[in-house]
file my_file.txt (compact mmCIF, C-alpha atoms)
# COMPACT_ATOMS: atom_id res chain seq x y z
CA MET B 573 110.47 36.08 160.10
CA LYS B 574 107.44 33.86 159.42
CA GLN B 575 105.38 34.45 156.34
CA GLY B 576 102.07 32.81 155.66
CA ALA B 577 98.46 33.56 156.00
CA GLN B 578 99.28 36.81 157.82
CA GLY B 579 101.00 38.13 154.72
CA SER B 580 104.44 39.49 154.06
CA ALA B 581 105.99 41.24 157.03
CA GLY B 582 102.62 41.31 158.78
CA THR B 583 101.04 43.66 156.27
CA GLY B 584 98.01 41.50 155.70
CA ILE B 585 98.80 41.25 151.95
CA PRO B 586 99.18 37.62 150.83
CA ASP B 587 102.74 36.72 149.84
CA PRO B 588 102.76 35.34 146.27
CA ARG B 589 105.64 33.06 147.23
CA THR B 590 103.40 31.23 149.73
CA ARG B 591 102.21 27.86 148.45
CA GLY B 592 98.80 28.09 146.91
CA ALA B 593 98.68 31.90 147.10
CA ARG B 594 97.82 33.88 143.95
CA VAL B 595 97.91 37.59 143.17
CA PRO B 596 94.34 38.66 142.35
CA PRO B 597 93.94 39.66 138.67
CA GLN B 598 92.61 43.04 139.74
CA SER B 599 95.77 43.70 141.76
CA ARG B 600 98.05 42.73 138.90
CA ALA B 601 96.14 45.00 136.50
CA ALA B 602 96.26 47.87 138.98
CA ASP B 603 100.02 47.42 139.39
CA VAL B 604 100.53 47.49 135.62
CA ASP B 605 98.41 50.63 135.26
CA ARG B 606 100.22 52.30 138.13
CA ASP B 607 103.63 51.52 136.65
CA ARG B 608 102.51 52.79 133.25
CA ASP B 609 101.16 56.02 134.76
CA LEU B 610 104.42 56.57 136.64
CA ALA B 611 106.42 56.00 133.46
CA ASP B 612 104.16 58.35 131.46
CA GLY B 613 104.52 61.01 134.10
CA ALA B 614 108.30 60.80 133.99
CA ASP B 615 108.31 60.92 130.19
CA ALA B 616 105.97 63.91 130.18
CA VAL B 617 108.30 65.81 132.47
CA ARG B 618 111.19 65.09 130.11
CA GLY B 619 109.06 66.07 127.08
CA GLU B 620 109.26 62.54 125.65
CA HIS B 621 106.60 60.36 124.05
CA THR B 622 103.95 59.00 126.37
CA HIS B 623 101.68 56.01 125.86
CA SER B 624 98.53 58.13 126.11
CA GLU B 625 99.29 60.56 123.28
CA THR B 626 98.56 60.03 119.59
CA PRO B 627 101.76 59.27 117.62
CA PHE B 628 102.76 62.22 115.41
CA PRO B 629 103.81 61.25 111.87
CA ARG B 630 107.21 62.27 110.59
CA PRO B 631 107.14 65.45 108.44
CA ARG B 632 107.24 64.85 104.72
CA GLN B 633 110.04 67.34 104.27
CA THR B 634 112.80 68.80 106.36
CA LEU B 635 111.76 71.89 108.26
CA GLN B 636 113.53 75.04 107.06
CA ARG B 637 113.94 78.55 108.38
CA PRO B 638 111.25 80.73 106.74
CA SER B 639 113.30 83.91 106.40
CA VAL B 640 114.51 83.46 102.80
CA ARG B 641 111.21 82.05 101.60
CA GLY B 642 109.35 84.91 103.28
CA GLN B 643 111.57 87.54 101.71
CA VAL B 644 111.16 85.97 98.28
CA LEU B 645 107.38 85.80 98.78
CA ASP B 646 107.28 89.50 99.69
CA ALA B 647 109.42 90.36 96.66
CA LEU B 648 107.19 88.33 94.34
CA ARG B 649 104.06 89.97 95.72
CA THR B 650 105.61 93.38 95.18
CA ALA B 651 106.56 92.47 91.61
CA LEU B 652 103.07 91.15 91.00
CA VAL B 653 101.29 94.29 92.22
CA GLY B 654 103.83 96.53 90.50
CA GLY B 655 103.18 94.88 87.15
CA GLU B 656 106.67 93.38 86.79
CA LEU B 657 105.09 89.93 86.58
CA THR B 658 102.83 90.05 83.54
CA PRO B 659 99.45 88.26 83.56
CA GLY B 660 99.56 85.24 81.24
CA GLU B 661 103.36 84.95 81.28
CA VAL B 662 105.15 81.86 82.60
CA TYR B 663 108.10 82.26 84.96
CA SER B 664 110.44 79.49 86.07
CA ALA B 665 111.80 79.13 89.59
CA PRO B 666 115.46 78.97 88.47
CA ALA B 667 115.15 82.18 86.42
CA LEU B 668 113.47 84.04 89.26
CA GLY B 669 116.03 82.62 91.66
CA ASP B 670 118.83 84.16 89.56
CA ARG B 671 116.97 87.45 89.66
CA PHE B 672 116.74 87.45 93.46
CA GLY B 673 120.14 85.89 94.03
CA VAL B 674 118.79 82.75 95.72
CA SER B 675 118.34 79.10 94.80
CA ALA B 676 115.24 77.86 93.02
CA THR B 677 113.90 76.14 96.14
CA PRO B 678 112.65 79.17 98.12
CA VAL B 679 111.27 80.66 94.89
CA ARG B 680 109.37 77.47 94.15
CA GLU B 681 107.98 77.39 97.70
CA ALA B 682 106.93 81.05 97.49
CA MET B 683 105.28 80.46 94.12
CA GLN B 684 103.38 77.51 95.58
CA GLN B 685 102.03 79.88 98.22
CA LEU B 686 100.96 82.33 95.52
CA ALA B 687 99.29 79.42 93.74
CA THR B 688 97.21 78.63 96.83
CA GLU B 689 96.21 82.31 96.93
CA GLY B 690 95.13 82.19 93.29
CA ALA B 691 97.75 84.61 91.95
CA VAL B 692 99.56 82.06 89.79
CA GLU B 693 98.96 78.57 88.47
CA VAL B 694 101.38 75.70 88.07
CA VAL B 695 102.50 74.82 84.55
CA PRO B 696 104.08 71.33 84.66
CA ASN B 697 107.73 71.21 83.58
CA ARG B 698 107.74 74.93 82.85
CA GLY B 699 107.06 76.99 85.94
CA PHE B 700 104.23 79.26 87.07
CA ARG B 701 101.83 81.31 84.97
CA VAL B 702 100.49 84.58 86.34
CA VAL B 703 96.71 84.30 86.39
CA GLU B 704 94.83 86.52 83.93
CA ARG B 705 91.95 88.28 85.63
CA GLY B 706 89.24 90.41 84.12
CA ALA B 707 87.21 93.39 85.29
CA ARG B 708 84.27 91.16 86.24
CA GLU B 709 86.34 89.21 88.77
CA LEU B 710 87.64 92.43 90.27
CA ALA B 711 84.08 93.79 90.58
CA GLU B 712 82.95 90.57 92.28
CA LEU B 713 85.81 90.78 94.79
CA ALA B 714 84.95 94.41 95.54
CA GLU B 715 81.32 93.42 96.13
CA ILE B 716 82.34 90.66 98.56
CA ARG B 717 84.62 93.05 100.44
CA ALA B 718 81.78 95.53 100.78
CA LEU B 719 79.43 92.83 102.10
CA ILE B 720 81.98 91.92 104.77
CA GLU B 721 83.55 95.23 105.74
CA VAL B 722 80.67 97.72 105.55
CA PRO B 723 78.55 96.11 108.31
CA VAL B 724 81.63 95.68 110.49
CA MET B 725 82.70 99.31 110.10
CA LEU B 726 79.19 100.56 110.83
CA ARG B 727 79.09 98.45 113.99
CA LEU B 728 82.50 99.77 115.01
CA ALA B 729 81.31 103.33 114.40
CA ARG B 730 78.71 102.80 117.14
CA THR B 731 81.01 101.12 119.65
CA VAL B 732 84.60 102.34 119.23
CA PRO B 733 85.57 105.48 121.21
CA THR B 734 86.58 108.54 119.20
CA ALA B 735 90.14 108.38 120.55
CA ARG B 736 90.66 104.96 118.99
CA TRP B 737 89.85 106.31 115.54
CA ALA B 738 92.32 109.14 116.11
CA ASP B 739 95.02 106.54 116.80
CA LEU B 740 94.60 105.26 113.24
CA ARG B 741 95.22 108.64 111.64
CA PRO B 742 98.99 108.06 111.20
CA LEU B 743 98.21 104.97 109.14
CA ALA B 744 95.76 106.93 106.99
CA GLU B 745 98.34 109.67 106.48
CA GLY B 746 100.85 106.98 105.59
CA THR B 747 98.63 105.86 102.72
CA VAL B 748 98.60 109.44 101.43
CA ARG B 749 102.41 109.56 101.44
CA ALA B 750 102.61 106.17 99.77
CA ALA B 751 100.15 107.28 97.10
CA SER B 752 102.16 110.45 96.47
CA SER B 753 105.18 108.29 95.60
CA GLY B 754 103.26 106.86 92.65
CA CYS B 755 104.51 103.34 93.46
CA ARG B 756 101.57 100.95 93.26
CA ALA B 757 103.32 98.25 95.30
CA THR B 758 104.16 100.67 98.12
CA TYR B 759 100.62 102.02 98.18
CA ALA B 760 99.11 98.52 98.11
CA GLU B 761 100.99 97.55 101.26
CA SER B 762 100.06 100.77 103.04
CA ASP B 763 96.43 100.45 101.97
CA ARG B 764 96.17 96.92 103.38
CA ALA B 765 97.80 98.03 106.64
CA PHE B 766 95.15 100.72 107.14
CA HIS B 767 92.19 98.45 106.45
CA ARG B 768 93.71 95.70 108.57
CA ALA B 769 94.03 98.08 111.54
CA VAL B 770 90.42 99.23 111.18
CA LEU B 771 89.02 95.70 111.08
CA ALA B 772 91.30 94.61 113.93
CA LEU B 773 89.18 96.80 116.23
CA SER B 774 86.46 94.18 115.87
CA GLY B 775 88.62 91.66 117.72
CA ASN B 776 87.80 89.02 115.10
CA GLU B 777 91.12 87.65 113.80
CA GLN B 778 89.48 85.35 111.24
CA LEU B 779 87.62 88.29 109.78
CA VAL B 780 90.84 90.27 109.51
CA HIS B 781 92.65 87.44 107.70
CA LEU B 782 89.76 86.79 105.31
CA ALA B 783 89.32 90.47 104.47
CA GLU B 784 93.04 90.94 103.87
CA ASP B 785 93.14 87.97 101.50
CA LEU B 786 90.28 89.46 99.49
CA HIS B 787 91.95 92.88 99.59
CA ARG B 788 95.23 91.45 98.29
CA ARG B 789 93.41 89.79 95.40
CA THR B 790 91.87 93.10 94.33
CA GLN B 791 95.36 94.58 94.01
CA TRP B 792 96.60 92.13 91.37
CA PRO B 793 96.89 93.58 87.85
CA LEU B 794 94.22 92.97 85.24
CA ALA B 795 94.95 91.17 82.02
CA GLY B 796 95.37 93.59 79.13
CA SER B 797 94.75 96.63 81.29
CA PRO B 798 95.82 99.54 79.03
CA VAL B 799 96.22 102.11 81.79
CA PRO B 800 97.04 100.96 85.35
CA ARG B 801 96.01 103.13 88.27
CA GLY B 802 98.21 106.21 88.20
CA ARG B 803 99.42 108.52 90.92
CA ALA B 804 96.29 110.72 90.83
CA ASP B 805 94.02 107.69 91.32
CA LEU B 806 96.12 106.48 94.24
CA VAL B 807 96.08 109.90 95.91
CA ALA B 808 92.30 110.14 95.56
CA ASP B 809 91.92 106.65 97.02
CA ALA B 810 94.15 107.50 99.99
CA ALA B 811 92.24 110.72 100.69
CA GLU B 812 89.12 108.60 101.27
CA HIS B 813 90.87 106.96 104.23
CA LEU B 814 91.13 110.28 106.05
CA ALA B 815 87.52 111.16 105.23
CA LEU B 816 86.38 107.75 106.47
CA LEU B 817 88.20 108.18 109.78
CA GLU B 818 86.57 111.55 110.33
CA ALA B 819 83.12 110.12 109.64
CA LEU B 820 83.67 107.12 111.91
CA GLY B 821 85.04 109.30 114.70
CA ALA B 822 82.07 111.65 114.46
CA GLY B 823 79.56 108.80 114.45
CA GLU B 824 78.25 109.83 111.02
CA TRP B 825 77.12 106.36 110.03
CA ASP B 826 75.39 107.26 106.76
CA VAL B 827 78.46 109.18 105.57
CA ALA B 828 80.76 106.34 106.62
CA GLN B 829 78.64 103.77 104.78
CA SER B 830 78.63 105.86 101.62
CA LEU B 831 82.39 106.43 101.80
CA VAL B 832 83.16 102.75 102.30
CA ARG B 833 80.99 101.68 99.35
CA GLU B 834 82.51 104.35 97.11
CA HIS B 835 85.96 103.33 98.27
CA PHE B 836 85.42 99.73 97.24
CA ALA B 837 83.78 100.76 93.98
CA GLY B 838 86.80 102.91 93.19
CA ALA B 839 89.07 99.91 93.63
CA GLU B 840 87.45 98.13 90.68
call {"tool": "encode", "arguments": {"input": "my_file.txt", "output": "structure tokens"}}
result
Amino acid sequence: MKQGAQGSAGTGIPDPRTRGARVPPQSRAADVDRDRDLADGADAVRGEHTHSETPFPRPRQTLQRPSVRGQVLDALRTALVGGELTPGEVYSAPALGDRFGVSATPVREAMQQLATEGAVEVVPNRGFRVVERGARELAELAEIRALIEVPVMLRLARTVPTARWADLRPLAEGTVRAASSGCRATYAESDRAFHRAVLALSGNEQLVHLAEDLHRRTQWPLAGSPVPRGRADLVADAAEHLALLEALGAGEWDVAQSLVREHFAGAE
């Protein structure tokens, strides 16, 4: 078969093997791009690295299953709220690990999380000191919570159907049962669950996370507090949840606003 000016196999495309013929630069570039796109497409199907994506750096530490660390974190939070971890005291990861029957590593990781939350602070070569907080800090946190949650709850009172408020009644009743047990840690968890469910009706996940972080901080013990909140105080606090639900369900906005502000003031 002759090849020449007519191109290879009569296609009209110049044959690069023909004397004096050259592949146009644009054609060569297009071929390279096409081959790269085909290779990227195949890699993408296989879930492999492609030329178009930004390289992801290697993790600084080996990824671990979060179950043990999460359980230790929950246990430490419970001990913190329950007063078993004393403000101002320093606790080492190995000692706490012996207490929980785990190695020091998940304890250290959980304590680092508590440090980012402001519950403890790192003491080099010793461990972690439980932060000492005063009544002023607690009052400031309560004020911030009120500034965030009161407007949201009043808006929800105007927009949420009555049936939705009724759905939250089991959670409110759960706080009453938790308060009756007299266990501050149990009540703290139930209290957060109720407020989290109320704010979740807003559909704003960032608001829910921010409010819960503030709420958790208000539950930490005060330094030198002579008398922690007893069973009677917890029961009275829980009863306000039921009253608040009734006011919200009835659209009694002034009553709801007053109850919310008193509720936060009572947490100081």
call {"tool": "residues_around", "arguments": {"input": "my_file.txt", "residues": "range 713-722 of chain B", "least_positions_apart": "6", "cutoff": "10 Å", "atoms": "all atoms listed in the file", "output": "NGL selection string"}}
result
:B and (707 or 728 or 767 or 770-771 or 779-780 or 782-787 or 789-790 or 828-840)
call {"tool": "closest_residue", "arguments": {"input": "my_file.txt", "among": "B:Gly642, B:Gly673, B:Pro793, B:Pro723", "to": "Arg756 in chain B", "atoms": "only C-alpha atoms"}}
result
B:Pro793
call {"tool": "residues_around", "arguments": {"input": "my_file.txt", "residues": "range 812-820 of chain B", "least_positions_apart": "5", "cutoff": "9 Å", "atoms": "all atoms listed in the file", "output": "list in words"}}
result
Met725, Leu726, Leu728, Ala729, Arg730, Val732, Thr734, Trp737, Ala738, Leu740, Arg741, Ala744, Glu745, Thr747, Val748, Asp763, Phe766, His767, Val807, Trp825, Asp826, Val827, Ala828, Gln829, Leu831, Val832, Glu834 and His835 of chain B
call {"tool": "closest_atom_pairs", "arguments": {"input": "my_file.txt", "of": "range 677-727 of chain B", "to": "range 647-652 of chain B", "cutoff": "9 Å", "atoms": "all atoms listed in the file", "output": "tab-separated table"}}
result
residue	atom	partner	partner_atom	distance
B:Val679	CA	B:Leu648	CA	8.7
B:Ala682	CA	B:Leu648	CA	7.9
B:Met683	CA	B:Leu648	CA	8.1
B:Leu686	CA	B:Arg649	CA	8.2
B:Ala691	CA	B:Leu652	CA	8.5
B:Val702	CA	B:Leu652	CA	8.5
call {"tool": "closest_residue", "arguments": {"input": "my_file.txt", "among": "B:Ala735, B:Glu761, B:Gln643, B:Glu824", "to": "Glu681 in chain B", "atoms": "all atoms listed in the file"}}
result
B:Gln643
call {"tool": "atom_distance", "arguments": {"input": "my_file.txt", "atom1": "CA of Glu661 in chain B", "atom2": "CA of Asp809 in chain B"}}
result
29.1 Å
call {"tool": "closest_residue", "arguments": {"input": "my_file.txt", "among": "B:Arg680, B:Leu710, B:Thr731, B:Ala810", "to": "Ala795 in chain B", "atoms": "all atoms listed in the file"}}
result
B:Leu710
call {"tool": "atom_distance", "arguments": {"input": "my_file.txt", "atom1": "CA of Glu777 in chain B", "atom2": "CA of Val692 in chain B"}}
result
26.1 Å
call {"tool": "residues_around", "arguments": {"input": "my_file.txt", "residues": "Gly654 in chain B", "least_positions_apart": "6", "cutoff": "10 Å", "atoms": "only C-alpha atoms", "output": "PDB file with C-alpha atoms, keeping the file's coordinate frame"}}
result
ATOM      1  CA  LEU B 648     107.190  88.330  94.340  1.00  0.00           C
ATOM      2  CA  CYS B 755     104.510 103.340  93.460  1.00  0.00           C
ATOM      3  CA  ARG B 756     101.570 100.950  93.260  1.00  0.00           C
ATOM      4  CA  ALA B 757     103.320  98.250  95.300  1.00  0.00           C
ATOM      5  CA  THR B 758     104.160 100.670  98.120  1.00  0.00           C
ATOM      6  CA  TYR B 759     100.620 102.020  98.180  1.00  0.00           C
ATOM      7  CA  ALA B 760      99.110  98.520  98.110  1.00  0.00           C
ATOM      8  CA  GLN B 791      95.360  94.580  94.010  1.00  0.00           C
ATOM      9  CA  TRP B 792      96.600  92.130  91.370  1.00  0.00           C
ATOM     10  CA  PRO B 793      96.890  93.580  87.850  1.00  0.00           C
ATOM     11  CA  PRO B 800      97.040 100.960  85.350  1.00  0.00           C
TER      12      PRO B 800
END
call {"tool": "residues_around", "arguments": {"input": "my_file.txt", "residues": "Phe700 in chain B", "least_positions_apart": "3", "cutoff": "6 Å", "atoms": "all atoms listed in the file", "output": "JSON, numbers by chain"}}
result
{"B": [662, 663, 693, 694, 695]}
